[in-house]
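Data file: model_16.cif. Format and content: mmCIF, C-alpha atoms (C1' of nucleotides).
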```
data_query
loop_
_atom_site.group_PDB
_atom_site.id
_atom_site.type_symbol
_atom_site.label_atom_id
_atom_site.label_comp_id
_atom_site.auth_asym_id
_atom_site.auth_seq_id
_atom_site.Cartn_x
_atom_site.Cartn_y
_atom_site.Cartn_z
ATOM 1 C CA MET I 1 148.256 -1.047 437.842
ATOM 2 C CA PRO I 2 151.702 -0.496 439.171
ATOM 3 C CA GLU I 3 154.354 -0.334 436.500
ATOM 4 C CA LEU I 4 157.948 0.847 436.638
ATOM 5 C CA PRO I 5 157.294 4.420 437.889
ATOM 6 C CA GLU I 6 154.809 3.329 440.556
ATOM 7 C CA VAL I 7 157.037 0.496 441.710
ATOM 8 C CA GLU I 8 159.983 2.875 441.915
ATOM 9 C CA THR I 9 157.917 5.337 443.953
ATOM 10 C CA VAL I 10 156.815 2.623 446.355
ATOM 11 C CA ALA I 11 160.324 1.191 446.668
ATOM 12 C CA ASN I 12 161.791 4.609 447.468
ATOM 13 C CA GLY I 13 159.034 5.416 449.917
ATOM 14 C CA VAL I 14 159.378 2.118 451.722
ATOM 15 C CA ASN I 15 163.158 2.391 451.739
ATOM 16 C CA ALA I 16 163.000 5.734 453.503
ATOM 17 C CA ARG I 17 160.775 4.228 456.184
ATOM 18 C CA VAL I 18 162.295 0.819 456.850
ATOM 19 C CA CYS I 19 165.973 1.056 455.928
ATOM 20 C CA GLY I 20 168.126 -0.114 458.844
ATOM 21 C CA ARG I 21 165.220 -1.703 460.728
ATOM 22 C CA LYS I 22 165.325 -5.286 461.843
ATOM 23 C CA ILE I 23 162.460 -7.687 461.233
ATOM 24 C CA ALA I 24 161.182 -8.620 464.677
ATOM 25 C CA SER I 25 158.117 -10.681 463.793
ATOM 26 C CA VAL I 26 156.378 -12.157 460.793
ATOM 27 C CA TRP I 27 152.724 -12.912 460.145
ATOM 28 C CA LEU I 28 151.638 -14.542 456.891
ATOM 29 C CA GLY I 29 148.048 -14.985 455.741
ATOM 30 C CA ARG I 30 146.258 -18.201 454.900
ATOM 31 C CA HIS I 31 145.945 -17.645 451.133
ATOM 32 C CA LYS I 32 148.685 -19.449 449.259
ATOM 33 C CA GLU I 33 148.662 -17.490 445.967
ATOM 34 C CA PRO I 34 150.937 -14.622 447.054
ATOM 35 C CA PHE I 35 153.749 -16.903 448.166
ATOM 36 C CA LYS I 36 156.272 -18.105 445.600
ATOM 37 C CA THR I 37 158.416 -19.259 448.506
ATOM 38 C CA PRO I 38 156.597 -21.580 450.917
ATOM 39 C CA ARG I 39 155.151 -19.673 453.858
ATOM 40 C CA ALA I 40 156.937 -21.813 456.434
ATOM 41 C CA GLU I 41 160.298 -21.146 454.835
ATOM 42 C CA MET I 42 159.645 -17.424 454.646
ATOM 43 C CA ALA I 43 158.333 -17.207 458.203
ATOM 44 C CA ASP I 44 161.393 -19.076 459.396
ATOM 45 C CA ALA I 45 163.983 -17.025 457.512
ATOM 46 C CA LEU I 46 162.808 -13.423 457.900
ATOM 47 C CA PRO I 47 162.839 -12.797 461.666
ATOM 48 C CA GLY I 48 166.133 -11.319 462.845
ATOM 49 C CA MET I 49 167.115 -10.057 459.411
ATOM 50 C CA ARG I 50 168.110 -6.411 459.018
ATOM 51 C CA ILE I 51 166.767 -4.435 456.052
ATOM 52 C CA GLU I 52 169.787 -2.875 454.408
ATOM 53 C CA ARG I 53 168.142 -1.341 451.352
ATOM 54 C CA VAL I 54 164.914 -1.359 449.361
ATOM 55 C CA TYR I 55 165.023 -0.722 445.649
ATOM 56 C CA ARG I 56 163.265 -1.379 442.358
ATOM 57 C CA GLU I 57 164.312 -3.979 439.804
ATOM 58 C CA GLY I 58 161.930 -4.009 436.846
ATOM 59 C CA LYS I 59 158.484 -4.302 438.427
ATOM 60 C CA HIS I 60 159.924 -5.983 441.508
ATOM 61 C CA ILE I 61 160.612 -4.372 444.869
ATOM 62 C CA VAL I 62 163.753 -5.892 446.346
ATOM 63 C CA PHE I 63 164.594 -5.869 450.054
ATOM 64 C CA ASP I 64 168.273 -6.507 450.719
ATOM 65 C CA LEU I 65 168.421 -8.429 454.002
ATOM 66 C CA ALA I 66 171.354 -9.421 456.202
ATOM 67 C CA ARG I 67 171.569 -11.458 459.371
ATOM 68 C CA ASP I 68 175.320 -11.003 459.741
ATOM 69 C CA LYS I 69 178.160 -10.402 457.340
ATOM 70 C CA SER I 70 177.859 -13.816 455.713
ATOM 71 C CA VAL I 71 174.112 -14.494 455.608
ATOM 72 C CA LYS I 72 172.354 -12.417 452.999
ATOM 73 C CA SER I 73 168.924 -12.825 451.476
ATOM 74 C CA GLN I 74 166.494 -10.804 449.449
ATOM 75 C CA TRP I 75 162.761 -10.457 449.934
ATOM 76 C CA VAL I 76 161.236 -9.777 446.541
ATOM 77 C CA VAL I 77 157.775 -8.239 446.242
ATOM 78 C CA HIS I 78 155.761 -8.003 443.033
ATOM 79 C CA LEU I 79 152.632 -5.861 443.383
ATOM 80 C CA GLY I 80 150.759 -7.543 440.550
ATOM 81 C CA MET I 81 147.664 -5.526 439.727
ATOM 82 C CA THR I 82 146.371 -4.431 443.098
ATOM 83 C CA GLY I 83 149.207 -5.062 445.544
ATOM 84 C CA ARG I 84 150.047 -2.422 448.149
ATOM 85 C CA LEU I 85 152.984 -2.078 450.522
ATOM 86 C CA LEU I 86 152.216 0.067 453.532
ATOM 87 C CA VAL I 87 154.308 1.121 456.506
ATOM 88 C CA SER I 88 151.945 1.692 459.404
ATOM 89 C CA ALA I 89 151.828 1.973 463.165
ATOM 90 C CA PRO I 90 150.314 -1.182 464.709
ATOM 91 C CA GLU I 91 147.219 0.704 465.839
ATOM 92 C CA VAL I 92 146.297 1.636 462.272
ATOM 93 C CA PRO I 93 143.480 -0.721 461.218
ATOM 94 C CA MET I 94 144.675 -3.634 459.126
ATOM 95 C CA PRO I 95 143.612 -3.235 455.481
ATOM 96 C CA GLU I 96 141.386 -5.854 453.905
ATOM 97 C CA HIS I 97 143.216 -8.584 451.980
ATOM 98 C CA THR I 98 146.414 -8.275 454.007
ATOM 99 C CA HIS I 99 148.657 -11.268 453.265
ATOM 100 C CA ALA I 100 151.872 -10.436 455.121
ATOM 101 C CA VAL I 101 152.867 -8.283 458.082
ATOM 102 C CA LEU I 102 156.480 -7.750 459.110
ATOM 103 C CA GLY I 103 156.866 -6.282 462.583
ATOM 104 C CA LEU I 104 159.905 -3.981 462.624
ATOM 105 C CA THR I 105 162.146 -2.702 465.369
ATOM 106 C CA GLY I 106 161.026 0.807 466.243
ATOM 107 C CA GLY I 107 157.391 -0.290 466.283
ATOM 108 C CA ASN I 108 156.095 0.106 462.732
ATOM 109 C CA GLU I 109 154.704 -2.677 460.605
ATOM 110 C CA LEU I 110 155.376 -3.338 456.953
ATOM 111 C CA ARG I 111 152.150 -4.645 455.440
ATOM 112 C CA PHE I 112 151.444 -6.278 452.102
ATOM 113 C CA ALA I 113 147.809 -6.209 450.996
ATOM 114 C CA ASP I 114 146.449 -7.375 447.662
ATOM 115 C CA ALA I 115 142.763 -7.818 446.839
ATOM 116 C CA ARG I 116 143.190 -9.610 443.529
ATOM 117 C CA ARG I 117 146.118 -11.752 444.672
ATOM 118 C CA PHE I 118 148.119 -11.303 441.480
ATOM 119 C CA GLY I 119 151.013 -9.998 443.592
ATOM 120 C CA ARG I 120 153.848 -12.293 444.672
ATOM 121 C CA LEU I 121 156.273 -12.541 447.577
ATOM 122 C CA ALA I 122 159.498 -14.512 447.329
ATOM 123 C CA LEU I 123 162.609 -15.127 449.360
ATOM 124 C CA VAL I 124 165.863 -15.294 447.403
ATOM 125 C CA ASN I 125 169.118 -16.555 448.881
ATOM 126 C CA GLY I 126 172.211 -14.455 448.322
ATOM 127 C CA ALA I 127 172.203 -10.951 446.914
ATOM 128 C CA GLY I 128 171.938 -11.336 443.186
ATOM 129 C CA PHE I 129 168.305 -10.920 442.214
ATOM 130 C CA HIS I 130 167.896 -9.770 438.656
ATOM 131 C CA GLY I 131 164.746 -9.405 436.618
ATOM 132 C CA PRO I 132 164.506 -11.214 433.307
ATOM 133 C CA GLY I 133 164.819 -8.270 430.927
ATOM 134 C CA HIS I 134 166.641 -4.999 430.284
ATOM 135 C CA GLU I 135 165.950 -1.875 432.320
ATOM 136 C CA PRO I 136 164.067 0.569 430.048
ATOM 137 C CA LEU I 137 165.746 3.583 431.668
ATOM 138 C CA THR I 138 169.326 2.427 431.214
ATOM 139 C CA ILE I 139 169.329 0.213 428.107
ATOM 140 C CA SER I 140 171.659 1.520 425.386
ATOM 141 C CA PRO I 141 170.246 2.598 422.013
ATOM 142 C CA GLU I 142 171.968 -0.318 420.281
ATOM 143 C CA ASP I 143 170.664 -2.899 422.739
ATOM 144 C CA PHE I 144 167.176 -1.427 422.469
ATOM 145 C CA VAL I 145 167.105 -1.728 418.684
ATOM 146 C CA ALA I 146 168.492 -5.272 418.897
ATOM 147 C CA LEU I 147 165.652 -6.366 421.206
ATOM 148 C CA PHE I 148 163.120 -6.209 418.390
ATOM 149 C CA ARG I 149 165.220 -7.518 415.494
ATOM 150 C CA GLY I 150 163.520 -10.444 413.766
ATOM 151 C CA ARG I 151 160.416 -10.313 415.959
ATOM 152 C CA LYS I 152 157.206 -11.076 414.103
ATOM 153 C CA THR I 153 154.938 -10.017 416.958
ATOM 154 C CA SER I 154 153.420 -6.548 417.323
ATOM 155 C CA ILE I 155 155.465 -3.786 418.906
ATOM 156 C CA LYS I 156 152.857 -3.489 421.667
ATOM 157 C CA ALA I 157 153.166 -7.183 422.577
ATOM 158 C CA ALA I 158 156.960 -6.884 422.455
ATOM 159 C CA LEU I 159 156.902 -3.896 424.834
ATOM 160 C CA LEU I 160 154.818 -5.926 427.280
ATOM 161 C CA ASN I 161 157.204 -8.906 427.087
ATOM 162 C CA GLN I 162 159.128 -8.698 430.359
ATOM 163 C CA LYS I 163 161.900 -10.899 428.981
ATOM 164 C CA LEU I 164 162.783 -8.054 426.632
ATOM 165 C CA LEU I 165 162.109 -4.924 428.666
ATOM 166 C CA HIS I 166 161.428 -5.262 432.365
ATOM 167 C CA GLY I 167 158.970 -2.805 433.906
ATOM 168 C CA VAL I 168 156.781 -1.654 431.024
ATOM 169 C CA GLY I 169 153.091 -2.436 431.456
ATOM 170 C CA ASN I 170 149.929 -1.614 429.590
ATOM 171 C CA ILE I 171 149.718 2.097 430.416
ATOM 172 C CA TYR I 172 153.252 3.053 429.464
ATOM 173 C CA ALA I 173 153.259 0.776 426.425
ATOM 174 C CA ASP I 174 150.238 2.646 425.018
ATOM 175 C CA GLU I 175 151.489 6.071 426.071
ATOM 176 C CA SER I 176 155.008 5.621 424.705
ATOM 177 C CA LEU I 177 153.698 4.309 421.361
ATOM 178 C CA PHE I 178 151.458 7.368 421.085
ATOM 179 C CA ARG I 179 154.334 9.685 421.926
ATOM 180 C CA ALA I 180 156.517 7.966 419.344
ATOM 181 C CA GLY I 181 153.740 7.990 416.719
ATOM 182 C CA ILE I 182 153.900 4.232 416.229
ATOM 183 C CA ARG I 183 150.817 2.062 415.597
ATOM 184 C CA PRO I 184 150.626 -0.633 418.307
ATOM 185 C CA THR I 185 149.956 -3.305 415.676
ATOM 186 C CA ALA I 186 153.183 -2.574 413.786
ATOM 187 C CA VAL I 187 155.368 -5.669 413.438
ATOM 188 C CA ALA I 188 158.251 -5.120 415.843
ATOM 189 C CA GLY I 189 160.941 -6.548 413.572
ATOM 190 C CA LEU I 190 159.913 -4.364 410.635
ATOM 191 C CA LEU I 191 160.228 -1.004 412.402
ATOM 192 C CA SER I 192 163.145 1.094 411.217
ATOM 193 C CA ARG I 193 166.094 1.765 413.463
ATOM 194 C CA ALA I 194 165.143 5.445 413.559
ATOM 195 C CA ARG I 195 161.594 4.722 414.711
ATOM 196 C CA LEU I 196 162.806 2.315 417.391
ATOM 197 C CA LEU I 197 165.242 4.925 418.659
ATOM 198 C CA GLY I 198 162.331 7.349 418.786
ATOM 199 C CA LEU I 199 160.359 4.832 420.807
ATOM 200 C CA ARG I 200 163.226 4.392 423.255
ATOM 201 C CA THR I 201 163.394 8.147 423.748
ATOM 202 C CA ALA I 202 159.618 8.473 424.155
ATOM 203 C CA LEU I 203 159.483 5.612 426.636
ATOM 204 C CA GLY I 204 162.336 7.037 428.700
ATOM 205 C CA GLU I 205 160.784 10.508 428.768
ATOM 206 C CA ILE I 206 157.393 9.204 429.866
ATOM 207 C CA LEU I 207 158.779 6.891 432.536
ATOM 208 C CA ARG I 208 160.990 9.630 433.977
ATOM 209 C CA LYS I 209 158.132 12.118 433.987
ATOM 210 C CA ALA I 210 155.893 9.609 435.758
ATOM 211 C CA ILE I 211 158.559 8.888 438.372
ATOM 212 C CA GLU I 212 158.889 12.633 438.903
ATOM 213 C CA LEU I 213 155.172 12.942 439.485
ATOM 214 C CA GLY I 214 155.130 10.074 441.921
ATOM 215 C CA GLY I 215 153.704 7.311 439.806
ATOM 216 C CA SER I 216 150.452 6.842 437.958
ATOM 217 C CA SER I 217 147.240 5.758 439.493
ATOM 218 C CA VAL I 218 144.022 4.513 438.028
ATOM 219 C CA SER I 219 142.388 3.169 441.133
ATOM 220 C CA ASP I 220 144.436 0.462 442.791
ATOM 221 C CA TYR I 221 147.830 1.988 443.366
ATOM 222 C CA VAL I 222 148.641 3.608 446.676
ATOM 223 C CA ASP I 223 152.172 4.632 447.570
ATOM 224 C CA ALA I 224 153.918 3.938 450.853
ATOM 225 C CA ASP I 225 152.196 6.900 452.498
ATOM 226 C CA GLY I 226 148.793 5.676 451.421
ATOM 227 C CA VAL I 227 148.392 8.602 449.025
ATOM 228 C CA ALA I 228 147.292 8.012 445.448
ATOM 229 C CA GLY I 229 149.410 9.341 442.586
ATOM 230 C CA PHE I 230 147.879 11.756 440.084
ATOM 231 C CA PHE I 231 149.660 11.111 436.826
ATOM 232 C CA GLN I 232 146.511 9.622 435.295
ATOM 233 C CA LEU I 233 145.498 13.171 434.348
ATOM 234 C CA GLU I 234 148.378 13.077 431.918
ATOM 235 C CA HIS I 235 147.352 9.965 430.019
ATOM 236 C CA LYS I 236 146.898 10.836 426.363
ATOM 237 C CA VAL I 237 145.416 7.587 425.051
ATOM 238 C CA TYR I 238 145.196 5.012 427.853
ATOM 239 C CA MET I 239 141.541 4.413 428.809
ATOM 240 C CA ARG I 240 140.406 7.307 426.584
ATOM 241 C CA THR I 241 138.463 5.168 424.082
ATOM 242 C CA GLY I 242 136.126 7.348 422.023
ATOM 243 C CA GLU I 243 137.467 10.587 423.442
ATOM 244 C CA GLN I 244 139.217 13.123 421.239
ATOM 245 C CA CYS I 245 142.914 12.748 420.505
ATOM 246 C CA LEU I 246 144.630 15.617 422.295
ATOM 247 C CA VAL I 247 146.735 16.299 419.192
ATOM 248 C CA CYS I 248 144.393 15.884 416.201
ATOM 249 C CA GLY I 249 140.936 15.667 417.762
ATOM 250 C CA ARG I 250 139.978 12.361 416.152
ATOM 251 C CA PRO I 251 138.531 9.646 418.418
ATOM 252 C CA ILE I 252 140.882 7.337 420.282
ATOM 253 C CA ARG I 253 140.407 3.726 419.237
ATOM 254 C CA ARG I 254 140.549 0.590 421.336
ATOM 255 C CA ILE I 255 141.639 -2.860 420.188
ATOM 256 C CA VAL I 256 142.946 -5.920 422.032
ATOM 257 C CA ILE I 257 146.564 -7.030 421.667
ATOM 258 C CA ALA I 258 148.041 -9.862 423.711
ATOM 259 C CA GLY I 259 144.810 -9.895 425.702
ATOM 260 C CA ARG I 260 145.265 -6.285 426.800
ATOM 261 C CA GLY I 261 143.187 -3.245 425.989
ATOM 262 C CA THR I 262 145.205 -1.158 423.546
ATOM 263 C CA HIS I 263 144.439 2.500 422.945
ATOM 264 C CA TYR I 264 145.746 4.568 420.046
ATOM 265 C CA CYS I 265 145.049 7.346 417.574
ATOM 266 C CA ALA I 266 144.809 6.020 414.015
ATOM 267 C CA HIS I 267 145.798 9.400 412.609
ATOM 268 C CA CYS I 268 148.783 10.198 414.828
ATOM 269 C CA GLN I 269 150.123 6.636 415.003
ATOM 270 C CA ARG I 270 151.091 4.984 411.730
ATOM 271 C "C1'" DA T 1 162.902 -20.710 420.135
ATOM 272 C "C1'" DT T 2 158.954 -17.805 419.509
ATOM 273 C "C1'" DA T 3 154.247 -16.669 419.874
ATOM 274 C "C1'" DT T 4 149.487 -17.064 421.365
ATOM 275 C "C1'" DG T 5 145.505 -17.707 424.255
ATOM 276 C "C1'" DG T 6 143.461 -19.226 428.656
ATOM 277 C "C1'" DC T 7 143.598 -18.816 433.441
ATOM 278 C "C1'" DC T 8 143.842 -16.898 438.099
ATOM 279 C "C1'" DC T 9 141.474 -13.221 441.317
ATOM 280 C "C1'" DT T 10 138.198 -9.281 443.254
ATOM 281 C "C1'" DG T 11 135.879 -5.012 442.832
ATOM 282 C "C1'" DG T 12 133.889 -1.499 440.098
ATOM 283 C "C1'" DT T 13 130.802 -0.783 436.337
ATOM 284 C "C1'" DT T 14 127.196 -1.935 433.254
ATOM 285 C "C1'" DG T 15 122.810 -3.778 431.899
ATOM 286 C "C1'" DC T 16 118.457 -5.784 432.473
ATOM 287 C "C1'" DT X 1 116.252 -1.366 443.038
ATOM 288 C "C1'" DG X 2 118.931 -5.373 443.037
ATOM 289 C "C1'" DC X 3 121.592 -8.596 441.241
ATOM 290 C "C1'" DA X 4 124.290 -10.960 437.754
ATOM 291 C "C1'" DA X 5 127.360 -10.592 434.035
ATOM 292 C "C1'" DC X 6 131.194 -8.374 432.429
ATOM 293 C "C1'" DC X 7 135.689 -6.164 432.388
ATOM 294 C "C1'" DA X 8 140.271 -4.752 434.121
ATOM 295 C "C1'" DG X 9 145.414 -7.173 433.286
ATOM 296 C "C1'" DG X 10 150.692 -9.272 434.937
ATOM 297 C "C1'" DG X 11 152.598 -13.371 434.856
ATOM 298 C "C1'" DC X 12 152.446 -18.189 434.229
ATOM 299 C "C1'" DC X 13 151.348 -22.228 431.744
ATOM 300 C "C1'" DA X 14 150.000 -25.310 427.966
ATOM 301 C "C1'" DT X 15 149.939 -25.536 423.253
ATOM 302 C "C1'" DA X 16 151.182 -24.744 418.297
#
```

What does the file become when written as structure tokens?
Amino acid sequence: MPELPEVETVANGVNARVCGRKIASVWLGRHKEPFKTPRAEMADALPGMRIERVYREGKHIVFDLARDKSVKSQWVVHLGMTGRLLVSAPEVPMPEHTHAVLGLTGGNELRFADARRFGRLALVNGAGFHGPGHEPLTISPEDFVALFRGRKTSIKAALLNQKLLHGVGNIYADESLFRAGIRPTAVAGLLSRARLLGLRTALGEILRKAIELGGSSVSDYVDADGVAGFFQLEHKVYMRTGEQCLVCGRPIRRIVIAGRGTHYCAHCQR
DNA sequence: ATATGGCCCTGGTTGC
DNA sequence: TGCAACCAGGGCCATA
């Protein structure tokens, strides 16, 4: 599932391929789930817009669009679980479950495909799109500690709460808690300042490493080139239920928190 | 305000 | 062997 590192990889890859292109044509599929903005409105607004920049904001991919100096919009893509953004020549066969195709000047097509239809496309007027939470890579130590103050929920659930931190999903929540030696069930508001600072450091290190390696992949993520990432070899607890902890050798346990599979080592994480 | 659980979706895996 | 049930989970919504 694409989280911050995968989304960043896709955004950068797409940016390199479509920056400066103009949207010449728009095709939108018949399924309604992917469209937060009505299809008619999106199909009407996009043609003629120039793509000025593509970047990541939390788990969102933001396309800065401009028609002229005064008309600016943003096309915001969320990949959900299985969403893919591909830049392809028109003769490349259309993937299954394609929901949107933007024809670009220069001949290529920007395609959005999503089997499970958890992904979302939206059109935002102006240029001020911001995700709901703090960026995990740039949040200050003090702000990070303050996020969890007074919270009675588990630290794992808090990490997944996008209103607090924007971009952390199930993989990096589990991996950062393992790296920080914190039990996922720990009550967020009761963790010491020192342990929370350790978690911030662990999370930052893991996210940066994953970005370096081009994003994780379990099965659904494909970057803008159509090549799967390989960071899954590095996962220390995620989806390793019953296997040996790479540090102490004891079996990795699996529980469910906030409806998500949660993997941890009971010996290394207290 | 905060927290929790159900729901949407399809494809890969499991089990009979 | 074939098919059905189950599981994966991000975000949204209703509910407590």

Might you pull out every residue within 12 Å of DA14 of chain X, with all atoms listed in the file counted and same-chain residues fewer than 2 positions away left off, and present them as an MDAnalysis selection string?
(chainID T and resid 4:7) or (chainID X and resid 12 16)

Residues of chain I within 9 Å of chain X, counting only C-alpha atoms (C1' of nucleotides), what are they? List them as an MDAnalysis selection string.
chainID I and resid 1 80:81 118:119 169:170 259:261

Determine, counting all atoms listed in the file, which protein, DNA and RNA residues have an atom within 10 Å of an atom of Val71 of chain I; residues of the same chain fewer than 3 positions away are not included. Present the result as a list in words.
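Those residues are Met49, Leu65, Ala66, Arg67, Asp68, Asn125, Gly126 and Ala127 of chain I.
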
9 Å contacts from chain I to chain T using all atoms listed in the file, as number ranges by chain
I: 115-118, 151-153, 258-259

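Atom CA of Arg120 of chain I is found 29.8 Å from atom CA of Arg254 of chain I.
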
Taking (154.6, -1.7, 438.9) as a centre in this file's frame and 9 Å as the limit, can you find every polymer residue with an atom that close, using all atoms listed in the file, and give them as a PDB file with C-alpha atoms, keeping the file's coordinate frame?
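Result saved to result.pdb:
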```pdb
ATOM      1  CA  MET I   1     148.256  -1.047 437.842  1.00  0.00           C
ATOM      2  CA  PRO I   2     151.702  -0.496 439.171  1.00  0.00           C
ATOM      3  CA  GLU I   3     154.354  -0.334 436.500  1.00  0.00           C
ATOM      4  CA  LEU I   4     157.948   0.847 436.638  1.00  0.00           C
ATOM      5  CA  PRO I   5     157.294   4.420 437.889  1.00  0.00           C
ATOM      6  CA  GLU I   6     154.809   3.329 440.556  1.00  0.00           C
ATOM      7  CA  VAL I   7     157.037   0.496 441.710  1.00  0.00           C
ATOM      8  CA  GLU I   8     159.983   2.875 441.915  1.00  0.00           C
ATOM      9  CA  VAL I  10     156.815   2.623 446.355  1.00  0.00           C
ATOM     10  CA  GLY I  58     161.930  -4.009 436.846  1.00  0.00           C
ATOM     11  CA  LYS I  59     158.484  -4.302 438.427  1.00  0.00           C
ATOM     12  CA  HIS I  60     159.924  -5.983 441.508  1.00  0.00           C
ATOM     13  CA  ILE I  61     160.612  -4.372 444.869  1.00  0.00           C
ATOM     14  CA  HIS I  78     155.761  -8.003 443.033  1.00  0.00           C
ATOM     15  CA  LEU I  79     152.632  -5.861 443.383  1.00  0.00           C
ATOM     16  CA  GLY I  80     150.759  -7.543 440.550  1.00  0.00           C
ATOM     17  CA  MET I  81     147.664  -5.526 439.727  1.00  0.00           C
ATOM     18  CA  GLY I 167     158.970  -2.805 433.906  1.00  0.00           C
ATOM     19  CA  VAL I 168     156.781  -1.654 431.024  1.00  0.00           C
ATOM     20  CA  GLY I 169     153.091  -2.436 431.456  1.00  0.00           C
ATOM     21  CA  TYR I 221     147.830   1.988 443.366  1.00  0.00           C
TER      22      TYR I 221
END
```

In Å, rounded to a single decimal, give me how far atom CA of Glu142 of chain I is from atom CA of Leu199 of chain I.
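Straight-line distance from atom CA of Leu199 of chain I to atom CA of Glu142 of chain I works out to 12.7 Å.
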
Would you compute the distance between atom CA of Thr105 of chain I and atom CA of Gly128 of chain I? Give it in Å to one decimal.
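It comes out at 25.7 Å.
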
Once the PyMOL selection byres ((chain I and resi 104) around 6) has been evaluated on this model, what residues remain selected, and can you format them as a count of residues only?
8

Kindly resolve the PyMOL selection byres ((chain I and resi 158) around 10) on the present coordinates and return the residues as a count of residues only.
22

Running the PyMOL selection byres ((chain I and resi 265) around 12) on this model by hand, what would come out? Give it as JSON, numbers by chain.
{"I": [174, 175, 177, 178, 179, 180, 181, 182, 183, 184, 185, 236, 237, 238, 240, 241, 242, 243, 244, 245, 246, 247, 248, 249, 250, 251, 252, 253, 254, 255, 262, 263, 264, 266, 267, 268, 269, 270]}

Pull the neighbourhood of (148.8, -9.6, 457.7) for me: all residues within 7 Å in file coordinates, counting all atoms listed in the file, as a PyMOL selection string.
chain I and resi 27-29+98-101+111

Can you take the partial segment 31-43 of chain I, add N, CA, C and O atoms, and return it as a PDB file, keeping the file's coordinate frame?
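Full text of rebuild-v2.pdb as output:
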```
ATOM      1  N   HIS I  31     145.993 -17.411 452.581  1.00  0.00           N
ATOM      2  CA  HIS I  31     145.945 -17.645 451.133  1.00  0.00           C
ATOM      3  C   HIS I  31     147.328 -18.006 450.608  1.00  0.00           C
ATOM      4  O   HIS I  31     148.325 -17.389 450.988  1.00  0.00           O
ATOM      5  N   LYS I  32     147.382 -18.974 449.715  1.00  0.00           N
ATOM      6  CA  LYS I  32     148.685 -19.449 449.259  1.00  0.00           C
ATOM      7  C   LYS I  32     149.177 -18.708 448.013  1.00  0.00           C
ATOM      8  O   LYS I  32     150.372 -18.679 447.740  1.00  0.00           O
ATOM      9  N   GLU I  33     148.266 -18.077 447.254  1.00  0.00           N
ATOM     10  CA  GLU I  33     148.662 -17.490 445.967  1.00  0.00           C
ATOM     11  C   GLU I  33     149.821 -16.506 446.054  1.00  0.00           C
ATOM     12  O   GLU I  33     150.687 -16.504 445.174  1.00  0.00           O
ATOM     13  N   PRO I  34     149.869 -15.637 447.072  1.00  0.00           N
ATOM     14  CA  PRO I  34     150.937 -14.622 447.054  1.00  0.00           C
ATOM     15  C   PRO I  34     152.339 -15.169 447.289  1.00  0.00           C
ATOM     16  O   PRO I  34     153.307 -14.437 447.083  1.00  0.00           O
ATOM     17  N   PHE I  35     152.443 -16.423 447.708  1.00  0.00           N
ATOM     18  CA  PHE I  35     153.749 -16.903 448.166  1.00  0.00           C
ATOM     19  C   PHE I  35     154.431 -17.806 447.148  1.00  0.00           C
ATOM     20  O   PHE I  35     154.053 -18.950 446.947  1.00  0.00           O
ATOM     21  N   LYS I  36     155.456 -17.282 446.504  1.00  0.00           N
ATOM     22  CA  LYS I  36     156.272 -18.105 445.600  1.00  0.00           C
ATOM     23  C   LYS I  36     157.199 -18.988 446.416  1.00  0.00           C
ATOM     24  O   LYS I  36     157.520 -20.097 446.020  1.00  0.00           O
ATOM     25  N   THR I  37     157.650 -18.467 447.547  1.00  0.00           N
ATOM     26  CA  THR I  37     158.416 -19.259 448.506  1.00  0.00           C
ATOM     27  C   THR I  37     157.421 -19.784 449.550  1.00  0.00           C
ATOM     28  O   THR I  37     156.560 -19.030 449.994  1.00  0.00           O
ATOM     29  N   PRO I  38     157.533 -21.056 449.921  1.00  0.00           N
ATOM     30  CA  PRO I  38     156.597 -21.580 450.917  1.00  0.00           C
ATOM     31  C   PRO I  38     156.551 -20.709 452.167  1.00  0.00           C
ATOM     32  O   PRO I  38     157.581 -20.218 452.638  1.00  0.00           O
ATOM     33  N   ARG I  39     155.327 -20.558 452.698  1.00  0.00           N
ATOM     34  CA  ARG I  39     155.151 -19.673 453.858  1.00  0.00           C
ATOM     35  C   ARG I  39     156.037 -20.059 455.031  1.00  0.00           C
ATOM     36  O   ARG I  39     156.616 -19.212 455.704  1.00  0.00           O
ATOM     37  N   ALA I  40     156.156 -21.370 455.276  1.00  0.00           N
ATOM     38  CA  ALA I  40     156.937 -21.813 456.434  1.00  0.00           C
ATOM     39  C   ALA I  40     158.395 -21.388 456.301  1.00  0.00           C
ATOM     40  O   ALA I  40     159.014 -20.917 457.266  1.00  0.00           O
ATOM     41  N   GLU I  41     158.904 -21.533 455.080  1.00  0.00           N
ATOM     42  CA  GLU I  41     160.298 -21.146 454.835  1.00  0.00           C
ATOM     43  C   GLU I  41     160.499 -19.644 455.031  1.00  0.00           C
ATOM     44  O   GLU I  41     161.468 -19.197 455.649  1.00  0.00           O
ATOM     45  N   MET I  42     159.542 -18.878 454.527  1.00  0.00           N
ATOM     46  CA  MET I  42     159.645 -17.424 454.646  1.00  0.00           C
ATOM     47  C   MET I  42     159.513 -16.984 456.106  1.00  0.00           C
ATOM     48  O   MET I  42     160.290 -16.150 456.588  1.00  0.00           O
ATOM     49  N   ALA I  43     158.563 -17.572 456.793  1.00  0.00           N
ATOM     50  CA  ALA I  43     158.333 -17.207 458.203  1.00  0.00           C
ATOM     51  C   ALA I  43     159.528 -17.587 459.070  1.00  0.00           C
ATOM     52  O   ALA I  43     159.804 -16.951 460.093  1.00  0.00           O
TER      53      ALA I  43
END
```
